Amino acid sequence: MTTHPPEGPVVLVIGGTSGIGLATAQQVTREGGRVVVCARDAGRVEAVAAGLPGATGMAADVSDAEAVERTVAACVATYGRLDAVVLTAQAMSYGTVEQVPFEVFRAANDTAVHGTFHVARAVLPVFRAQGGGSLVVVSSLLAEISVPSMSSYCTAKWGQLGLVRALQLEVRRERGVHVSLVAPGAVDTPIYQQAGTYAGRVGGAPPPVVSPESVADACVRAIGRPRRLVHVGPANRLTVAGFRLAPWLYDRMIGPLVKLVVLRGGPVPPSPGNVLEPRPELESLRGGWRWWGGRKRRSA
């Protein structure tokens with residue numbers, strides 16, 4: 001962060017009203033940056049921006065290319081530049097390929113893949129014109145492994161990973177223009193409560209669970225020190241190694257583990273959660289998950 005102008009870098013945080021995005025916006029503000037908070041619900045955006053010193057809010061859906069372009073243009077018009085974009089927006093749903101409705105599957109992929117595409121196309125020309133900038137995309141451990149009953153999320157994150165890696169290769173020789181990927185495991189955010197579910201049960205955070213602040217720290221560090229891929233989570237690399245090097249064992253274990261530590265909540269009727277429409281009443285910094293995957297009675 002110290003390489004930016006003395007008045008503080010301008011950072012657009014997309015998905016900045018909850019979880020990792022909110023933690024990132026808070027950290028950038030604490031370090032003297034100027035934050036633009038962006039998410040789908042205008043009321044929630046306004047409320048979060050009002051609680052961050054010097055922040056502004058702009059409502060937009062990343063799956064809408066024109067809305068993304070307007071937001072980026074408004075940032076530049078307001079501040080004169082845009083030093084970094086941190087993209088954290090994502091929606092999740094539980095259920096097999098046969099259980100999840102196509103519109104929910106498509107919306108999850110629109111957010112991750114098409115959203116990243118729209119953001120990159122809007123911000124990379126701005127970065128070039130001003131002599132530099134950083135795009136930080138928050139992905140997931142599930143971009144490198146697959147699990148049953150989370151097919152829509154795995155597809156979205158694998159597609160996002162492929163797109164980001166291609167972007168990194170396309171800009172690698174451009175001075176000052178950077179694209180980084182941050183891949184957390186389970187994080188203590190409300191995404192599990194907000195998720196759509198067609199698996200018959202409520203999903204939860206599988207252990208080990210890390211804090212949203214730890215992921216935000218990785219995002220902020222990637223702005224000043226770009227990285228191809230940063231894992232956040234003590235079990236990430238071991239899990240990826242098992243998926244790649246011992247598929248016979250992984251395939252036998254992952255189904256029972258998902259039932260034991262992911263789909264372990266009470267029975268619920270089918271619901272799209274926040275995949276199709278935002279649910280601002282469920283948004284917060286944390287989801288109330290303990291590091292071993294247990295849930296606190298009240299979220300923080």
# chains A, B, ... in the order shown; residues from 1 in each chain; ligands from 1
>>> closest_atom_pairs(of="range 186-233 of chain A", to="range 74-97 of chain A", cutoff="10 Å", atoms="only C-alpha atoms", output="Markdown table")
| residue | atom | partner | partner_atom | distance |
| --- | --- | --- | --- | --- |
| A:Ile191 | CA | A:Met92 | CA | 7.2 |
| A:Tyr192 | CA | A:Met92 | CA | 7.8 |
| A:Gln193 | CA | A:Met92 | CA | 9.9 |
| A:Gln194 | CA | A:Met92 | CA | 7.9 |
| A:Ala195 | CA | A:Met92 | CA | 5.0 |
| A:Gly196 | CA | A:Ser93 | CA | 4.1 |
| A:Thr197 | CA | A:Tyr94 | CA | 4.5 |
| A:Tyr198 | CA | A:Gly95 | CA | 4.8 |
| A:Ala199 | CA | A:Gly95 | CA | 4.4 |
| A:Gly200 | CA | A:Gly95 | CA | 8.1 |
| A:Arg201 | CA | A:Tyr94 | CA | 8.6 |
| A:Val202 | CA | A:Tyr94 | CA | 8.4 |
| A:Gly203 | CA | A:Tyr94 | CA | 7.2 |
| A:Ala216 | CA | A:Val86 | CA | 9.6 |
| A:Cys219 | CA | A:Val86 | CA | 7.2 |
| A:Val220 | CA | A:Val86 | CA | 8.5 |
| A:Ala222 | CA | A:Val86 | CA | 9.6 |
| A:Ile223 | CA | A:Ala84 | CA | 6.7 |
| A:Gly224 | CA | A:Ala84 | CA | 9.4 |
>>> select_by_dssp(residues="range 127-287 of chain A", states="strand (DSSP E or B)", output="PyMOL selection string")
chain A and resi 133-138+150+177-184+187+196-197+201+210+230-232+267+271
>>> write_last_selection(atoms="C-alpha atoms", output="short mmCIF file (atom, residue, chain, number, x, y, z; two decimals), in the first residue's frame")
data_model
loop_
_atom_site.label_atom_id
_atom_site.label_comp_id
_atom_site.auth_asym_id
_atom_site.auth_seq_id
_atom_site.Cartn_x
_atom_site.Cartn_y
_atom_site.Cartn_z
CA GLY A 133 -3.22 -0.81 -11.07
CA SER A 134 -4.07 -4.10 -9.39
CA LEU A 135 -7.03 -6.42 -9.83
CA VAL A 136 -7.39 -8.88 -6.95
CA VAL A 137 -9.94 -11.67 -7.45
CA VAL A 138 -11.13 -13.69 -4.47
CA MET A 150 -21.69 -28.11 -4.66
CA VAL A 177 -0.70 -3.82 -14.39
CA HIS A 178 -1.29 -6.80 -12.13
CA VAL A 179 -3.90 -9.54 -11.59
CA SER A 180 -3.78 -11.61 -8.38
CA LEU A 181 -5.88 -14.50 -7.11
CA VAL A 182 -6.69 -15.19 -3.45
CA ALA A 183 -8.10 -18.64 -2.66
CA PRO A 184 -9.51 -19.14 0.84
CA VAL A 187 -14.31 -18.54 6.03
CA GLY A 196 -29.33 -21.44 -2.03
CA THR A 197 -30.04 -25.03 -1.14
CA ARG A 201 -30.34 -29.58 4.37
CA VAL A 210 -10.50 -18.84 9.01
CA VAL A 230 -2.38 -16.95 -2.52
CA HIS A 231 -4.03 -19.69 -0.48
CA VAL A 232 -5.62 -18.73 2.84
CA PRO A 267 -33.89 -30.10 6.92
CA SER A 271 -34.59 -22.12 -1.86
#
>>> residues_around(residues="Ala235 in chain A", least_positions_apart="4", cutoff="10 Å", atoms="only C-alpha atoms", output="NGL selection string")
:A and (141 or 184-186 or 207-209 or 231 or 239-240)
>>> residues_around(residues="range 154-164 of chain A", least_positions_apart="6", cutoff="8 Å", atoms="only C-alpha atoms", output="list in words")
Ala108, Asn109, Asp110, Ala112, Val113, Thr116, Phe117, Val137, Ser139, Ser140, Leu142, Ala143, Glu144, Ile145, Ser146, Val147, Val179, Ser180 and Leu181 of chain A
>>> residues_around(residues="Gly204 in chain A", least_positions_apart="3", cutoff="9 Å", atoms="only C-alpha atoms", output="list in words")
Tyr192, Gln193, Val261, Val262, Leu263, Arg264, Gly265, Trp289, Gly293, Gly294 and Arg295 of chain A
>>> write_last_selection(atoms="N, CA, C and O atoms", output="short mmCIF file (atom, residue, chain, number, x, y, z; two decimals), in the first residue's frame")
data_model
loop_
_atom_site.label_atom_id
_atom_site.label_comp_id
_atom_site.auth_asym_id
_atom_site.auth_seq_id
_atom_site.Cartn_x
_atom_site.Cartn_y
_atom_site.Cartn_z
N TYR A 192 -22.80 -19.10 3.96
CA TYR A 192 -23.46 -20.39 4.16
C TYR A 192 -24.93 -20.21 4.51
O TYR A 192 -25.78 -20.98 4.06
N GLN A 193 -25.25 -19.20 5.30
CA GLN A 193 -26.64 -18.90 5.62
C GLN A 193 -27.38 -18.31 4.43
O GLN A 193 -28.60 -18.48 4.30
N VAL A 261 -19.63 -32.83 7.49
CA VAL A 261 -19.17 -31.51 7.92
C VAL A 261 -19.72 -30.35 7.09
O VAL A 261 -19.49 -29.20 7.44
N VAL A 262 -20.44 -30.62 6.00
CA VAL A 262 -21.00 -29.54 5.19
C VAL A 262 -22.52 -29.54 5.29
O VAL A 262 -23.13 -28.60 5.80
N LEU A 263 -23.16 -30.58 4.81
CA LEU A 263 -24.63 -30.65 4.83
C LEU A 263 -25.10 -31.30 6.13
O LEU A 263 -25.74 -32.35 6.13
N ARG A 264 -24.79 -30.64 7.21
CA ARG A 264 -25.10 -31.22 8.51
C ARG A 264 -26.19 -30.46 9.26
O ARG A 264 -26.53 -30.79 10.40
N GLY A 265 -26.76 -29.44 8.61
CA GLY A 265 -27.81 -28.67 9.26
C GLY A 265 -29.16 -29.36 9.18
O GLY A 265 -29.30 -30.45 8.62
N TRP A 289 -19.17 -18.61 12.76
CA TRP A 289 -18.60 -19.95 12.70
C TRP A 289 -17.29 -20.00 13.49
O TRP A 289 -16.45 -19.13 13.37
N GLY A 293 -15.70 -25.46 12.90
CA GLY A 293 -16.91 -25.63 12.12
C GLY A 293 -18.20 -25.53 12.90
O GLY A 293 -19.27 -25.57 12.32
N GLY A 294 -18.11 -25.40 14.22
CA GLY A 294 -19.31 -25.22 15.03
C GLY A 294 -19.84 -23.80 14.89
O GLY A 294 -19.12 -22.88 14.54
N ARG A 295 -21.10 -23.63 15.16
CA ARG A 295 -21.75 -22.33 15.02
C ARG A 295 -22.03 -21.71 16.36
O ARG A 295 -22.55 -22.38 17.27
#
>>> atom_distance(atom1="CA of Glu31 in chain A", atom2="CA of Val45 in chain A")
20.7 Å
